[in-house]
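Enquirer: Have a look at the structure that comes next, please.
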Amino acid sequence: MRWSQMFAPTLRDDPAEADAPSHRLLLRAGYVRQLTAGHYSLLPLAVRVRAKIIQIVREEMDAIGAQEMLLPAMHPAEPWRRSGRWDLMGQEMFRLKDRRGADHALGMTHEEIFATVARELSSYRRLPQQWYQFQTKFRDEPRPKGGLMRTREFTMKDAYSFDLDRPGLDASFDAYHGAYTRIFERLGVPALPCDASSGTMGGSGSTEFMCPSEVGEDFVVHCPNCGYAANIERATSVLPAASDGPGLPAPERFDTPGVRTIEDLLAYDAPGDRQVKTLVYVLDGALTLVLLRGDHPLNEQKLVDATGTAEIRAAEPDEIQAALGALPGSLGAVGVSLPVIADEALRGRRDMFTGANADDTHLRGVDVERDIEVGRWADLREVASGERCVRCGERLEIQRAIEVGHIFKLGDRYARALGVEVLDPDGRRVPVIMGSYGIGIERAMAAIVETHNDERGIVWPLSVAPFQVAVVVAQSDDAEVTEAAEDVYAGLRAAGVETVIDDRAERAGVKFRDVELTGIPFRVTIGRRGLAEGVAEVTTRATGDTEKIALDAVVGRVR
Ligand code: ATP
Ligand code: MG
Ligand code: MG
Ligand code: MG
């Protein structure tokens, strides 16, 4: 590739609209442009990085025996109605009608659709199966954020496992867990597997892969000693027993004095200027959260389904009621008016806070034992850091993180709803046991940039860099320099090294700045000074170190 022909519109100054570093850098370095909030055009450099990420994910999926498929991005309503999620997904689901008036959705995830394909499995002999795809997902996020981090249209690698029984699911889940660990290692993302289920949740396990970052919207507690990690939003302590039947059951316990009913809860004015009113539900033994609005940056109504795949945002309590009514199974509930979501790690202290959001100034927490109120992130960190790990007793740390991947044990919920049954070895028809496993591809790209940058720009790990090498022609008006640079460029390409040659009629300083900004791992500078000695200057982006390398040894140095 020739830089003179490449469309990489770098910007001199920081774009004003960018919030997170990855957003700022991907805009500045000419990787992305915003079409409208939550929708980005990926320019050539970003497409190259995306392809690298996809290939790494693909290799690790294939290595555990998963088969790549491609299912439609647009879905008829029917399978979503059968699972109950047509209503559950609420406003986050983009919906449309075709010319006959039939309802359709733009897929926000694909459990239902893969399940329709899985109906053909018919016998236990065809199990287990592992299927995956890279497909665009659409989610009407209330607050698209951070450039590629939270968009309304993004590529997900979503995978689904189909097993005969729970031990089979456990084995599949472990295989994905291992694959995810390798994927994030290869991507250079320091992802922490976080327990997103508590010990009381029976078979329904869920692990989030969390990349520590100050711009992350999630919070995790982490024990540096034994490695225990959990999402403070997800993990919870023992909740009251389930009540039967559909509809919104009254919580069996409220954690706020004076609050006895859901109406009380809605009317409750927590001290301070910001609040979240939270109802925590348990659906068939697994955690469901409902956040009811308050005057709060998190003032969205969010119902996280037991599987974690369903999220609804309903504007009004009766919409939430209707959505809950559509849930199969039974619900148990506890209502709290401050975000009192105790972590498993803080078990025994479940009246401890924790409510958190990505905005530093609006964290609130209360500890009704100790009568502490924390208002700021730093306070929250301090208090939570004083807590002890339930596993080993060491002090916990709390950090912000970006959710880069999420794996779930789904059980038989979708199989039952959509009729995915096989004959077991005794000839009985049984529902297959499913798992689902997601990675956001562009969010992973953003997470890599968040964790790999300096004041000069992006610093890509070699594994995902758009080009491994940029050959810089220091004096493009010098025929001898140009010829030597073209030779080195040809040699690198012949050796299979992805290389761009900066042949623009620009000053060397401008070219250096662009190579640094775009994050290409090696810069090979060919200039008059070096040529006099028969060398190129090879600069490593990550360290800034420059070495003089004989022209014919350049290929060996950068490989
Ligand atoms: P979040 O909590 O950040 O909203 P999620 O829990 O809704 O994410 P999942 O349904 O678990 O997301 O989807 C699997 C993965 O897809 C996530 O771990 C994340 O990497 C990615 N992802 C989810 N929503 C978005 C989005 N709006 N933009 C980009 N990537 C996303
Ligand atoms: Mg979400
Ligand atoms: Mg999440
Ligand atoms: Mg998730």
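The way I read the labels, and the way they are meant: chains A, B, ... in the order of the structure tokens, residue 1 as the first residue of every chain, and ligand 1 as the first ligand shown, with later ones counted on from there.
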Let me have all residues with an atom within 8 Å of ligand 3, counting only C-alpha atoms and all ligand atoms, laid out as a ChimeraX atom specification.
Expert: /A:208,218,308,403,406
Enquirer: When you look at region 130-142 of chain A with a cut-off of 9 Å (counting only C-alpha atoms), what residues show up, excluding the ones that are within fewer than 6 positions of it in the same chain? I need them as a PyMOL selection string.
Expert: chain A and resi 38+54+58+61+64-73+91-94+106-110+114+150-163+172+300+313+437+441
Enquirer: Can I get the selection written as a compact mmCIF listing (two decimals), in the first residue's frame, with N, CA and C atoms?
Expert:
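Final output, again-v8.txt:
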```txt
# COMPACT_ATOMS: atom_id res chain seq x y z
N GLY A 38 -23.69 6.67 17.48
CA GLY A 38 -23.77 5.22 17.58
C GLY A 38 -23.56 4.46 16.29
N ILE A 54 -10.92 -10.34 13.85
CA ILE A 54 -11.84 -11.41 13.46
C ILE A 54 -11.07 -12.70 13.20
N ARG A 58 -11.58 -16.14 15.02
CA ARG A 58 -11.96 -17.29 14.19
C ARG A 58 -11.03 -18.49 14.45
N MET A 61 -11.89 -20.02 17.75
CA MET A 61 -13.18 -20.73 17.69
C MET A 61 -13.00 -22.07 16.96
N ILE A 64 -11.46 -24.91 18.97
CA ILE A 64 -12.27 -25.70 19.90
C ILE A 64 -13.40 -26.43 19.16
N GLY A 65 -13.27 -26.48 17.86
CA GLY A 65 -14.22 -27.29 17.10
C GLY A 65 -15.50 -26.58 16.73
N ALA A 66 -15.52 -25.26 16.85
CA ALA A 66 -16.74 -24.54 16.48
C ALA A 66 -16.76 -24.34 14.96
N GLN A 67 -17.98 -24.30 14.42
CA GLN A 67 -18.16 -24.17 12.97
C GLN A 67 -18.76 -22.82 12.65
N GLU A 68 -18.17 -22.16 11.66
CA GLU A 68 -18.66 -20.82 11.32
C GLU A 68 -19.89 -20.90 10.42
N MET A 69 -20.88 -20.08 10.75
CA MET A 69 -22.11 -20.00 9.97
C MET A 69 -22.41 -18.52 9.76
N LEU A 70 -23.45 -18.22 9.06
CA LEU A 70 -23.88 -16.82 8.95
C LEU A 70 -25.40 -16.78 8.85
N LEU A 71 -26.03 -16.27 9.89
CA LEU A 71 -27.49 -16.20 9.95
C LEU A 71 -27.95 -14.78 9.64
N PRO A 72 -29.20 -14.63 9.26
CA PRO A 72 -29.65 -13.29 8.87
C PRO A 72 -29.54 -12.27 10.00
N ALA A 73 -29.34 -11.02 9.59
CA ALA A 73 -29.30 -9.92 10.56
C ALA A 73 -30.71 -9.43 10.87
N GLN A 91 -37.33 -1.28 24.27
CA GLN A 91 -36.89 -0.23 23.34
C GLN A 91 -35.51 -0.47 22.76
N GLU A 92 -34.79 -1.43 23.31
CA GLU A 92 -33.44 -1.65 22.79
C GLU A 92 -33.47 -2.35 21.42
N MET A 93 -34.62 -2.95 21.11
CA MET A 93 -34.73 -3.68 19.84
C MET A 93 -35.25 -2.77 18.73
N PHE A 94 -34.52 -2.73 17.62
CA PHE A 94 -35.00 -2.01 16.45
C PHE A 94 -36.05 -2.87 15.76
N LEU A 106 -34.35 -6.06 13.84
CA LEU A 106 -32.95 -6.15 13.50
C LEU A 106 -32.29 -6.87 14.68
N GLY A 107 -31.60 -7.95 14.39
CA GLY A 107 -31.12 -8.84 15.45
C GLY A 107 -30.17 -8.14 16.41
N MET A 108 -30.48 -8.25 17.71
CA MET A 108 -29.56 -7.73 18.72
C MET A 108 -28.74 -8.85 19.34
N THR A 109 -29.14 -10.07 19.08
CA THR A 109 -28.43 -11.27 19.49
C THR A 109 -29.13 -12.40 18.73
N HIS A 110 -28.63 -13.64 18.82
CA HIS A 110 -29.16 -14.65 17.91
C HIS A 110 -29.54 -15.99 18.55
N PHE A 114 -30.45 -19.09 16.02
CA PHE A 114 -29.66 -20.33 16.00
C PHE A 114 -30.51 -21.51 16.46
N ARG A 150 -19.51 1.75 22.54
CA ARG A 150 -20.94 1.46 22.68
C ARG A 150 -21.66 2.09 21.51
N THR A 151 -21.96 1.28 20.52
CA THR A 151 -22.61 1.77 19.31
C THR A 151 -23.97 1.11 19.17
N ARG A 152 -24.73 1.57 18.20
CA ARG A 152 -26.07 0.98 17.99
C ARG A 152 -26.01 -0.10 16.90
N GLU A 153 -24.85 -0.21 16.27
CA GLU A 153 -24.66 -1.18 15.20
C GLU A 153 -23.23 -1.67 15.32
N PHE A 154 -23.01 -2.95 15.58
CA PHE A 154 -21.65 -3.44 15.78
C PHE A 154 -21.57 -4.91 15.40
N THR A 155 -20.35 -5.35 15.18
CA THR A 155 -20.14 -6.76 14.84
C THR A 155 -19.94 -7.55 16.12
N MET A 156 -20.68 -8.63 16.25
CA MET A 156 -20.43 -9.52 17.38
C MET A 156 -20.00 -10.88 16.83
N LYS A 157 -19.01 -11.46 17.48
CA LYS A 157 -18.80 -12.88 17.29
C LYS A 157 -19.72 -13.51 18.31
N ASP A 158 -20.75 -14.16 17.84
CA ASP A 158 -21.60 -14.86 18.80
C ASP A 158 -21.56 -16.34 18.49
N ALA A 159 -21.41 -17.11 19.55
CA ALA A 159 -21.31 -18.56 19.41
C ALA A 159 -22.37 -19.20 20.29
N TYR A 160 -22.77 -20.42 19.91
CA TYR A 160 -23.83 -21.11 20.64
C TYR A 160 -23.42 -22.57 20.75
N SER A 161 -23.60 -23.12 21.95
CA SER A 161 -23.29 -24.54 22.12
C SER A 161 -24.57 -25.30 22.37
N PHE A 162 -24.60 -26.54 21.88
CA PHE A 162 -25.78 -27.40 22.02
C PHE A 162 -25.30 -28.72 22.59
N ASP A 163 -25.77 -29.03 23.79
CA ASP A 163 -25.36 -30.26 24.45
C ASP A 163 -26.57 -31.06 24.91
N SER A 172 -18.55 -27.49 27.42
CA SER A 172 -18.55 -26.49 26.35
C SER A 172 -18.16 -25.12 26.90
N GLU A 300 -32.09 4.83 33.04
CA GLU A 300 -32.73 4.00 32.06
C GLU A 300 -33.34 2.85 32.84
N ARG A 313 -35.41 -2.02 28.14
CA ARG A 313 -35.51 -0.72 28.77
C ARG A 313 -36.95 -0.28 28.61
N TYR A 437 -22.14 -17.23 23.71
CA TYR A 437 -20.79 -16.73 23.96
C TYR A 437 -20.51 -15.57 23.02
N ILE A 441 -16.58 -7.12 18.43
CA ILE A 441 -15.34 -6.97 17.67
C ILE A 441 -14.83 -5.52 17.70
```
Enquirer: Could you write out, as an NGL selection string, all the residues of region 98-218 of chain A that DSSP marks as alpha helix (DSSP H)?
Expert: :A and (111-118 or 166-187)
Enquirer: For a quick check of understanding, using only C-alpha atoms, which of A:Arg429, A:Arg166, A:Arg541, A:Arg28 has the smallest distance to Val459 (chain A)?
Expert: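 Selected residue with least distance to Val459 (chain A): A:Arg541.
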Enquirer: Can you work out which one of A:Met89, A:Ile549, A:Ala532, A:Ala401 has the shortest atom-to-atom distance to ligand 2, counting only C-alpha atoms and all ligand atoms?
Expert: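 Once distances to ligand 2 are computed over only C-alpha atoms and all ligand atoms, the minimum belongs to A:Met89.
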Enquirer: Any idea what's packed within 12 Å of region 183-191 of chain A, counting only C-alpha atoms, ignoring anything in its chain fewer than 2 positions away? Could you give it as a ChimeraX atom specification?
Expert: /A:49-50,52-63,157,176-181,193-194,207-213,220,229,401-406,439-441,443-452,459-465
Enquirer: Under the rule that only C-alpha atoms and all ligand atoms are counted, which of A:Arg504, A:Arg456, A:Val471, A:Lys145 is the nearest residue to ligand 2?
Expert: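 Selected residue with least distance to ligand 2: A:Lys145.
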Enquirer: Between CA of Ala171 (chain A) and CA of Lys409 (chain A), what distance in Å does the model show, to one decimal?
Expert: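 If I compute the distance from CA of Ala171 (chain A) to CA of Lys409 (chain A), I get 10.7 Å.
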Enquirer: Using only C-alpha atoms and all ligand atoms, which residue out of A:Ala16, A:Ala474, A:Ile407, A:Val117 lies closest to ligand 4?
Expert: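 Looking only at the distances to ligand 4, the closest residue turns out to be A:Ile407.
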